[in-house]
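J.: Hey, dropping final-v8.txt in here, compact mmCIF, C-alpha atoms:
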# COMPACT_ATOMS: atom_id res chain seq x y z
CA MET A 1 12.09 30.12 -22.65
CA LEU A 2 10.91 26.95 -20.90
CA PRO A 3 7.38 25.66 -20.31
CA THR A 4 5.91 26.43 -16.89
CA LEU A 5 4.49 23.84 -14.53
CA ARG A 6 1.10 25.47 -14.97
CA GLN A 7 1.24 24.98 -18.76
CA LEU A 8 2.19 21.33 -18.28
CA GLN A 9 -0.71 20.92 -15.86
CA TYR A 10 -3.04 22.38 -18.49
CA LEU A 11 -1.74 19.88 -21.06
CA LYS A 12 -2.27 16.98 -18.64
CA ALA A 13 -5.81 18.13 -17.85
CA LEU A 14 -6.58 18.50 -21.56
CA ALA A 15 -5.35 14.98 -22.29
CA GLU A 16 -7.37 13.53 -19.40
CA HIS A 17 -10.67 15.33 -20.11
CA GLY A 18 -10.64 15.65 -23.92
CA SER A 19 -12.04 19.16 -24.17
CA PHE A 20 -10.99 22.68 -23.23
CA GLY A 21 -14.15 23.25 -21.21
CA ARG A 22 -13.83 20.16 -19.01
CA ALA A 23 -10.06 20.61 -18.68
CA ALA A 24 -10.51 24.23 -17.56
CA GLU A 25 -13.08 23.15 -14.99
CA ALA A 26 -10.74 20.47 -13.63
CA ALA A 27 -7.86 22.97 -13.48
CA HIS A 28 -10.10 25.56 -11.74
CA VAL A 29 -9.47 28.24 -14.39
CA THR A 30 -11.53 29.80 -17.15
CA GLN A 31 -11.49 28.25 -20.60
CA PRO A 32 -9.77 31.30 -22.18
CA THR A 33 -7.05 31.08 -19.53
CA LEU A 34 -6.40 27.40 -20.25
CA SER A 35 -6.54 27.97 -24.01
CA ALA A 36 -4.03 30.82 -23.73
CA GLY A 37 -1.72 28.59 -21.66
CA ILE A 38 -1.83 25.84 -24.30
CA GLN A 39 -1.16 28.35 -27.06
CA GLU A 40 1.85 29.69 -25.16
CA LEU A 41 3.13 26.13 -24.68
CA GLU A 42 2.80 25.50 -28.41
CA LYS A 43 4.70 28.72 -29.09
CA ILE A 44 7.53 27.65 -26.76
CA LEU A 45 7.72 24.15 -28.31
CA GLY A 46 7.38 25.46 -31.84
CA ALA A 47 4.70 22.94 -32.78
CA PRO A 48 1.03 22.26 -32.03
CA VAL A 49 0.36 19.91 -29.13
CA VAL A 50 -3.33 19.28 -29.86
CA ASP A 51 -5.57 19.00 -32.89
CA ARG A 52 -8.84 20.81 -32.30
CA ALA A 53 -11.94 19.08 -33.68
CA ARG A 54 -15.69 19.20 -33.13
CA SER A 55 -15.55 15.96 -31.19
CA GLY A 56 -12.88 17.30 -28.84
CA VAL A 57 -9.11 17.50 -28.83
CA ILE A 58 -6.52 14.91 -29.83
CA LEU A 59 -2.86 15.10 -28.88
CA THR A 60 -0.40 15.45 -31.72
CA PRO A 61 2.80 13.37 -31.70
CA VAL A 62 4.59 16.38 -30.17
CA GLY A 63 1.78 16.69 -27.62
CA SER A 64 2.00 13.00 -26.68
CA GLU A 65 5.76 13.26 -26.12
CA ALA A 66 5.32 16.50 -24.17
CA LEU A 67 2.68 14.80 -22.00
CA ARG A 68 4.96 11.84 -21.29
CA ARG A 69 7.76 14.12 -20.14
CA ALA A 70 5.35 16.44 -18.33
CA ALA A 71 4.11 13.55 -16.19
CA VAL A 72 7.65 12.94 -14.94
CA ILE A 73 8.27 16.63 -14.27
CA LEU A 74 4.96 17.13 -12.45
CA ASN A 75 5.49 14.02 -10.31
CA GLU A 76 8.95 15.22 -9.32
CA ALA A 77 7.57 18.67 -8.50
CA GLU A 78 4.91 17.09 -6.28
CA ALA A 79 7.58 14.96 -4.60
CA LEU A 80 9.61 18.10 -3.92
CA VAL A 81 6.64 19.76 -2.23
CA GLN A 82 5.92 16.65 -0.18
CA ALA A 83 9.56 16.34 0.87
CA ALA A 84 9.62 19.96 2.01
CA LYS A 85 6.38 19.55 3.96
CA ASN A 86 7.54 16.31 5.56
CA ALA A 87 11.10 17.41 6.39
CA GLY A 88 11.93 15.99 9.80
CA GLN A 89 8.65 14.05 9.85
CA PRO A 90 9.18 10.76 8.00
CA LEU A 91 6.24 8.84 6.54
CA THR A 92 3.75 11.68 6.76
CA GLY A 93 1.49 12.86 3.97
CA ARG A 94 1.09 11.00 0.69
CA PHE A 95 3.25 7.95 -0.02
CA ARG A 96 2.61 5.87 -3.14
CA LEU A 97 3.72 2.25 -2.73
CA GLY A 98 3.63 -0.43 -5.40
CA VAL A 99 3.43 -4.08 -4.29
CA ILE A 100 3.67 -7.31 -6.27
CA PRO A 101 0.67 -9.69 -6.01
CA THR A 102 2.72 -12.55 -4.55
CA VAL A 103 3.53 -10.35 -1.54
CA ALA A 104 0.63 -7.91 -1.09
CA PRO A 105 -2.08 -10.21 0.35
CA PHE A 106 0.31 -11.98 2.71
CA LEU A 107 2.41 -9.15 4.17
CA LEU A 108 0.19 -6.07 4.01
CA PRO A 109 -2.60 -7.32 6.32
CA ARG A 110 -0.01 -7.54 9.11
CA ALA A 111 1.88 -4.39 8.14
CA LEU A 112 -0.91 -1.87 7.56
CA PRO A 113 -2.21 -1.76 11.17
CA VAL A 114 1.35 -1.21 12.41
CA LEU A 115 1.92 1.60 9.92
CA ARG A 116 -1.37 3.27 10.87
CA GLN A 117 -0.46 3.12 14.54
CA ARG A 118 3.12 4.35 14.21
CA PHE A 119 2.51 6.93 11.46
CA PRO A 120 -1.04 8.29 11.85
CA ALA A 121 -0.35 11.17 9.44
CA LEU A 122 0.70 8.79 6.65
CA ARG A 123 -1.60 8.68 3.61
CA LEU A 124 -0.57 5.41 1.99
CA PHE A 125 -1.71 4.80 -1.58
CA LEU A 126 -1.23 1.20 -2.73
CA ARG A 127 -0.91 -0.18 -6.25
CA GLU A 128 -0.71 -3.93 -6.85
CA ASP A 129 0.85 -4.99 -10.14
CA LEU A 130 3.55 -7.12 -11.75
CA THR A 131 7.17 -6.20 -11.10
CA HIS A 132 8.06 -4.81 -14.52
CA ARG A 133 5.09 -2.44 -14.53
CA LEU A 134 5.77 -1.28 -10.97
CA ILE A 135 9.42 -0.57 -11.80
CA ALA A 136 8.37 1.42 -14.89
CA ALA A 137 5.93 3.46 -12.79
CA LEU A 138 8.58 4.00 -10.13
CA LYS A 139 11.14 5.28 -12.65
CA ALA A 140 8.48 7.53 -14.19
CA GLY A 141 7.83 9.15 -10.82
CA GLN A 142 4.33 7.69 -10.48
CA LEU A 143 5.31 5.72 -7.37
CA ASP A 144 7.52 6.64 -4.42
CA ALA A 145 8.67 3.10 -3.64
CA VAL A 146 7.91 -0.52 -4.50
CA LEU A 147 7.79 -3.71 -2.47
CA ILE A 148 9.17 -6.42 -4.75
CA ALA A 149 11.23 -9.61 -4.77
CA LEU A 150 14.80 -10.08 -5.94
CA PRO A 151 16.66 -11.09 -8.01
CA TYR A 152 15.60 -8.49 -10.59
CA ASP A 153 17.35 -5.87 -12.72
CA MET A 154 17.69 -2.96 -10.28
CA ALA A 155 19.59 -0.49 -12.48
CA GLY A 156 18.92 3.06 -11.32
CA LEU A 157 17.36 1.92 -8.05
CA ASP A 158 18.37 1.62 -4.41
CA TRP A 159 16.74 -0.77 -1.99
CA ALA A 160 16.56 -2.04 1.60
CA HIS A 161 16.17 -5.65 2.74
CA VAL A 162 12.88 -6.74 4.31
CA SER A 163 13.11 -10.54 4.50
CA ASP A 164 14.19 -13.75 2.82
CA ASP A 165 11.19 -15.75 1.72
CA GLU A 166 11.79 -19.51 1.41
CA LEU A 167 10.41 -21.30 -1.64
CA MET A 168 8.65 -24.59 -0.88
CA ALA A 169 7.33 -27.53 -2.90
CA ALA A 170 3.58 -28.07 -3.17
CA ALA A 171 1.93 -31.30 -4.32
CA PRO A 172 -1.54 -32.86 -4.14
CA ALA A 173 -2.08 -34.48 -0.75
CA ASP A 174 -2.25 -37.96 -2.36
CA HIS A 175 0.77 -37.44 -4.62
CA PRO A 176 3.83 -39.75 -4.12
CA LEU A 177 5.99 -36.68 -3.38
CA ALA A 178 3.75 -35.80 -0.42
CA SER A 179 5.16 -38.76 1.53
CA GLN A 180 8.69 -37.27 1.46
CA SER A 181 10.03 -34.99 4.22
CA GLU A 182 12.02 -33.00 1.63
CA ILE A 183 11.52 -32.83 -2.11
CA LEU A 184 14.28 -32.68 -4.70
CA PRO A 185 13.53 -29.99 -7.28
CA SER A 186 14.58 -32.34 -10.07
CA SER A 187 11.84 -34.79 -9.06
CA MET A 188 9.22 -32.12 -9.81
CA GLU A 189 10.17 -31.70 -13.47
CA ASN A 190 8.37 -34.91 -14.41
CA GLY A 191 5.38 -34.26 -12.19
CA ASP A 192 3.32 -31.90 -14.39
CA LEU A 193 4.96 -28.77 -13.06
CA ILE A 194 2.55 -25.82 -12.87
CA LEU A 195 3.83 -22.26 -12.55
CA LEU A 196 2.44 -18.76 -12.56
CA GLU A 197 2.02 -17.08 -15.94
CA ASP A 198 4.90 -15.23 -17.58
CA GLY A 199 5.39 -11.83 -16.00
CA HIS A 200 5.23 -13.07 -12.40
CA CYS A 201 8.76 -12.86 -11.04
CA LEU A 202 8.05 -15.76 -8.65
CA ARG A 203 8.01 -18.04 -11.69
CA ASP A 204 11.56 -17.06 -12.62
CA HIS A 205 12.74 -17.08 -8.99
CA ALA A 206 11.53 -20.64 -8.44
CA LEU A 207 13.06 -21.98 -11.65
CA ALA A 208 16.38 -20.20 -11.06
CA ALA A 209 16.63 -21.20 -7.39
CA CYS A 210 16.04 -24.85 -8.28
CA GLY A 211 18.01 -24.95 -11.54
CA LEU A 212 14.97 -26.00 -13.56
CA ARG A 213 13.74 -25.18 -17.04
CA PRO A 214 10.18 -23.95 -17.62
CA PRO A 215 7.73 -26.72 -18.50
CA ARG A 216 7.25 -27.29 -22.22
CA PRO A 217 4.09 -28.52 -23.95
CA THR A 218 4.07 -32.17 -24.95
CA GLY A 219 2.74 -32.81 -28.43
CA ASP A 220 -0.49 -30.92 -28.96
CA GLU A 221 -1.01 -30.38 -25.22
CA GLU A 222 -0.41 -26.99 -23.64
CA SER A 223 1.23 -26.64 -20.24
CA PHE A 224 -0.88 -25.22 -17.44
CA ALA A 225 -0.16 -21.77 -15.99
CA ALA A 226 -1.93 -19.97 -13.15
CA THR A 227 -2.86 -16.30 -12.97
CA SER A 228 -2.45 -16.02 -9.18
CA LEU A 229 -1.24 -17.95 -6.16
CA PRO A 230 -4.78 -18.84 -4.96
CA THR A 231 -5.52 -20.24 -8.43
CA LEU A 232 -2.22 -22.11 -8.41
CA VAL A 233 -3.07 -23.74 -5.07
CA GLN A 234 -6.49 -24.83 -6.34
CA MET A 235 -4.91 -26.34 -9.45
CA VAL A 236 -2.42 -28.31 -7.36
CA GLY A 237 -5.14 -29.37 -4.91
CA SER A 238 -7.24 -30.63 -7.84
CA GLY A 239 -4.45 -32.98 -8.83
CA LEU A 240 -3.36 -31.13 -11.97
CA GLY A 241 0.31 -31.07 -10.98
CA VAL A 242 2.96 -29.84 -8.55
CA SER A 243 4.38 -26.37 -7.99
CA PHE A 244 6.36 -23.98 -5.81
CA LEU A 245 4.93 -21.67 -3.15
CA PRO A 246 6.56 -18.91 -1.08
CA ALA A 247 6.67 -19.64 2.65
CA MET A 248 5.15 -16.19 3.26
CA ALA A 249 1.94 -17.30 1.54
CA VAL A 250 1.89 -20.72 3.21
CA ASN A 251 2.34 -19.17 6.67
CA ALA A 252 -0.52 -16.79 5.90
CA GLY A 253 -2.84 -19.80 5.43
CA LEU A 254 -2.99 -19.96 1.63
CA THR A 255 -3.11 -23.78 1.56
CA ASP A 256 -5.22 -24.35 4.68
CA SER A 257 -8.45 -25.08 2.79
CA ALA A 258 -6.96 -27.10 -0.07
CA PRO A 259 -5.75 -30.75 -0.16
CA VAL A 260 -2.16 -29.69 -0.75
CA ALA A 261 1.00 -31.00 0.90
CA VAL A 262 3.78 -28.43 1.36
CA ARG A 263 7.34 -29.65 1.88
CA PRO A 264 10.81 -28.01 2.09
CA LEU A 265 12.96 -28.19 -1.01
CA ALA A 266 16.19 -30.17 -0.89
CA ALA A 267 18.16 -27.35 -2.53
CA ASP A 268 20.76 -24.77 -1.54
CA HIS A 269 18.93 -21.66 -0.23
CA PRO A 270 15.82 -21.81 -2.44
CA SER A 271 14.45 -18.37 -1.60
CA ARG A 272 13.68 -14.89 -2.87
CA GLU A 273 14.61 -11.61 -1.18
CA ILE A 274 11.80 -9.19 -0.38
CA VAL A 275 12.92 -5.55 -0.55
CA VAL A 276 11.63 -1.98 -0.58
CA ALA A 277 13.10 -0.14 -3.58
CA TRP A 278 13.14 3.51 -4.66
CA ARG A 279 14.76 5.64 -7.35
CA ALA A 280 18.46 6.26 -6.75
CA GLY A 281 18.81 9.79 -5.37
CA SER A 282 15.11 10.03 -4.46
CA SER A 283 14.11 12.42 -1.68
CA ARG A 284 12.02 9.54 -0.26
CA ALA A 285 15.05 7.29 0.29
CA SER A 286 15.08 7.68 4.09
CA GLU A 287 11.36 6.87 4.17
CA GLY A 288 11.94 3.82 2.00
CA ARG A 289 14.50 2.54 4.49
CA LEU A 290 12.19 3.29 7.41
CA LEU A 291 9.35 1.47 5.69
CA ALA A 292 11.61 -1.56 5.18
CA GLU A 293 12.48 -1.52 8.90
CA VAL A 294 8.78 -1.52 9.83
CA LEU A 295 8.05 -4.38 7.44
CA GLN A 296 10.94 -6.37 8.94
CA SER A 297 9.27 -6.19 12.34
CA VAL A 298 5.83 -7.54 11.36
Let me see the file written as structure tokens.

T.:
Amino acid sequence: MLPTLRQLQYLKALAEHGSFGRAAEAAHVTQPTLSAGIQELEKILGAPVVDRARSGVILTPVGSEALRRAAVILNEAEALVQAAKNAGQPLTGRFRLGVIPTVAPFLLPRALPVLRQRFPALRLFLREDLTHRLIAALKAGQLDAVLIALPYDMAGLDWAHVSDDELMAAAPADHPLASQSEILPSSMENGDLILLEDGHCLRDHALAACGLRPPRPTGDEESFAATSLPTLVQMVGSGLGVSFLPAMAVNAGLTDSAPVAVRPLAADHPSREIVVAWRAGSSRASEGRLLAEVLQSV
């Protein structure tokens, strides 16, 4: 015998609300009904899934593992229902899209009005996060697609091209490099190179595209790192060093209010590829491709 979706939903509600009473209320059933469902689940699994205490309930190791797998199963079941409802009507109903922070504020303001106009029945839920966390959520069924930048390990995923985003050099307006029409990447290594913190794929893209090594602390000094592109621009504008910026952000006006000079890089195709990606074999694949086509046009 296998667990039912209803039993897995009860387990999820119990984990989220911490008590049988609140979980039953959230699941719109009586407490005895939810309790009986959990007991049947424990019987099927052959082990308790929760420890019952006065302060509430705590998942056992078996319960935690069951919850992790239940989340995937329930997400896939919801995707099945959505796919059936939306058959023949692409980009309608709920669509959960993850977007990296070095793309979201520069592409979405132009894309969202177009999507609302072309697909009025679309309920788009957005999640902004770093690439590795978005990919993990996508593979776990918590997202339907992600808008990310390549290169990246895309095992188990399919994707569609949106655009190539040129990487450009950024220096303080009074920096010697600002007088050049093009900047050699190698000339930036000795100019207090500032990058985004580890975890931002743009950091790796810029270094790889330009054949550079990450900056290393000198003596007791620590190298600077920025948490976001706006912070990075302010650091460069304050004269703390030089950096790389995506053309998408520059064209969106990121550097307009800062004393920063932006110049092309004298390198062979210094760029990143923006794509929409989804799980290989996903029922939302056609919608992922359609979304990529819309984003190409904005």

J.: Rank nothing, just name the residue among A:Ala169, A:Val236, A:Leu80, A:Met1 nearest to Asp144 of chain A, using only C-alpha atoms.

T.: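 Looking only at the distances to Asp144 of chain A, the closest residue turns out to be A:Leu80.
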
J.: Return the single residue from A:Pro246, A:Gly46, A:Gly21, A:Gly288 that is closest to Leu34 of chain A, with distances computed using all atoms listed in the file.

T.: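 Looking only at the distances to Leu34 of chain A, the closest residue turns out to be A:Gly21.
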
J.: Leaving out segment 89-100 of chain A and any residue of its chain fewer than 2 positions from it, which residues lie within 8 Å of it when counting all atoms listed in the file, given as a PyMOL selection string?

T.: chain A and resi 82+86-87+102-104+119-131+134+142-148+286-287

J.: Out of A:Arg68, A:Arg289, A:Arg6, A:Lys12, which residue has the shortest atom-to-atom distance to Ala36 of chain A when counting all atoms listed in the file?

T.: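 For Ala36 of chain A, the nearest of the given residues is A:Arg6.
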
J.: Here is a test: counting all atoms listed in the file, which residue of A:Ile274, A:Ala261, A:Ile44, A:Leu108 is nearest to Pro176 of chain A?

T.: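 The shortest atom-to-atom distance to Pro176 of chain A comes from A:Ala261.
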
J.: For a quick check of understanding, using all atoms listed in the file, which of A:Leu74, A:Leu232, A:Val57, A:Ala171 has the smallest distance to Gln7 of chain A?

T.: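 Of all the options, A:Leu74 lies closest to Gln7 of chain A.
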
J.: Let me make sure I understand: among A:Val260, A:Ala13, A:Leu41, A:Ala53, which one has the smallest atom-to-atom distance to His28 of chain A if we use only C-alpha atoms?

T.: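 Ranked by minimum distance to His28 of chain A, first place goes to A:Ala13.
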
J.: Just give me the gap between atom CA of Ala26 of chain A and atom CA of Glu78 of chain A in Å, one decimal is fine.

T.: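 Calculated distance between atom CA of Ala26 of chain A and atom CA of Glu78 of chain A is 17.6 Å.
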
J.: Could you tell me how far atom CA of Gly18 of chain A lies from atom CA of Ile58 of chain A, in Å and to one decimal?

T.: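 The value is 7.2 Å.
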
J.: Taking all atoms of segment 111-122 of chain A that the file lists and extending 8 Å past them on each side, where is the centre of the axis-aligned box and how long are its edges? Answer in Å to one decimal, as lines of an AutoDock Vina configuration file.

T.:
center_x = 0.5
center_y = 3.4
center_z = 10.6
size_x = 21.3
size_y = 31.6
size_z = 23.9

J.: By how many Å are atom CA of Ala149 of chain A and atom CA of Ala247 of chain A apart?

T.: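 Answer for the atom CA of Ala149 of chain A to atom CA of Ala247 of chain A separation: 13.3 Å.
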
J.: With 12 Å as the cut-off and all atoms listed in the file counted, what is the closest atom pair between each nearby residue of segment 135-179 of chain A and segment 185-199 of chain A? Distances in Å to one decimal, ordered by chain and number, as a Markdown table.

T.:
| residue | atom | partner | partner_atom | distance |
| --- | --- | --- | --- | --- |
| A:Leu167 | CA | A:Pro185 | CA | 10.8 |
| A:Met168 | CA | A:Pro185 | CA | 9.7 |
| A:Ala169 | CA | A:Pro185 | CA | 8.0 |
| A:Ala170 | CA | A:Met188 | CA | 9.6 |
| A:Ala171 | CA | A:Gly191 | CA | 9.1 |
| A:Pro172 | CA | A:Gly191 | CA | 10.7 |
| A:His175 | CA | A:Gly191 | CA | 9.4 |
| A:Pro176 | CA | A:Gly191 | CA | 9.9 |
| A:Leu177 | CA | A:Ser187 | CA | 8.4 |
| A:Ala178 | CA | A:Met188 | CA | 11.5 |

J.: Kindly write C-alpha atoms of segment 197-274 of chain A from the structure just given to a file, as a short mmCIF file (atom, residue, chain, number, x, y, z; two decimals), in the first residue's frame.

T.:
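Produced file out10.cif, reproduced below:
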data_model
loop_
_atom_site.label_atom_id
_atom_site.label_comp_id
_atom_site.auth_asym_id
_atom_site.auth_seq_id
_atom_site.Cartn_x
_atom_site.Cartn_y
_atom_site.Cartn_z
CA GLU A 197 30.15 38.13 -3.32
CA ASP A 198 30.60 34.39 -3.83
CA GLY A 199 27.36 32.80 -4.96
CA HIS A 200 26.58 35.39 -7.63
CA CYS A 201 27.16 33.69 -10.97
CA LEU A 202 28.04 37.05 -12.57
CA ARG A 203 31.25 36.98 -10.55
CA ASP A 204 32.31 33.69 -12.13
CA HIS A 205 31.08 34.72 -15.59
CA ALA A 206 33.16 37.90 -15.58
CA LEU A 207 36.33 36.18 -14.38
CA ALA A 208 35.95 33.29 -16.84
CA ALA A 209 35.11 35.52 -19.82
CA CYS A 210 38.18 37.67 -19.16
CA GLY A 211 40.56 34.91 -18.09
CA LEU A 212 41.16 36.48 -14.68
CA ARG A 213 41.67 35.08 -11.21
CA PRO A 214 39.58 36.30 -8.27
CA PRO A 215 41.22 39.10 -6.29
CA ARG A 216 43.23 37.94 -3.28
CA PRO A 217 43.78 39.85 -0.03
CA THR A 218 47.13 41.58 0.31
CA GLY A 219 48.75 41.11 3.70
CA ASP A 220 46.23 41.76 6.45
CA GLU A 221 43.84 43.58 4.11
CA GLU A 222 40.66 41.91 2.91
CA SER A 223 39.42 42.31 -0.66
CA PHE A 224 36.15 44.15 -1.15
CA ALA A 225 33.02 42.31 -2.33
CA ALA A 226 29.57 43.72 -3.05
CA THR A 227 26.22 42.19 -2.16
CA SER A 228 24.37 43.59 -5.20
CA LEU A 229 24.95 45.46 -8.44
CA PRO A 230 23.70 48.82 -7.06
CA THR A 231 26.15 48.45 -4.15
CA LEU A 232 28.91 47.50 -6.58
CA VAL A 233 28.29 50.65 -8.65
CA GLN A 234 28.40 52.85 -5.54
CA MET A 235 31.68 51.25 -4.47
CA VAL A 236 33.23 51.88 -7.89
CA GLY A 237 31.85 55.42 -7.99
CA SER A 238 33.39 56.10 -4.57
CA GLY A 239 36.81 55.27 -5.95
CA LEU A 240 37.26 51.94 -4.17
CA GLY A 241 38.19 50.07 -7.34
CA VAL A 242 37.11 48.82 -10.77
CA SER A 243 34.67 46.10 -11.76
CA PHE A 244 32.53 44.46 -14.43
CA LEU A 245 28.89 45.26 -15.18
CA PRO A 246 26.37 43.57 -17.50
CA ALA A 247 25.23 45.75 -20.39
CA MET A 248 21.62 44.93 -19.45
CA ALA A 249 22.06 46.79 -16.16
CA VAL A 250 23.95 49.69 -17.73
CA ASN A 251 21.27 50.15 -20.41
CA ALA A 252 18.63 50.15 -17.67
CA GLY A 253 20.32 53.21 -16.11
CA LEU A 254 22.18 51.56 -13.22
CA THR A 255 25.18 53.90 -13.50
CA ASP A 256 23.33 57.10 -14.45
CA SER A 257 23.53 58.66 -10.99
CA ALA A 258 27.05 57.55 -10.10
CA PRO A 259 30.45 58.95 -11.23
CA VAL A 260 31.30 55.75 -13.08
CA ALA A 261 32.81 55.35 -16.55
CA VAL A 262 31.65 52.26 -18.46
CA ARG A 263 33.77 51.00 -21.35
CA PRO A 264 33.73 47.91 -23.65
CA LEU A 265 36.18 45.16 -22.82
CA ALA A 266 38.95 44.37 -25.28
CA ALA A 267 38.27 40.63 -25.08
CA ASP A 268 36.79 37.91 -27.27
CA HIS A 269 33.00 37.81 -26.67
CA PRO A 270 32.94 38.81 -22.99
CA SER A 271 29.29 38.00 -22.32
CA ARG A 272 26.84 35.77 -20.50
CA GLU A 273 23.82 34.02 -22.01
CA ILE A 274 20.42 34.73 -20.46
#
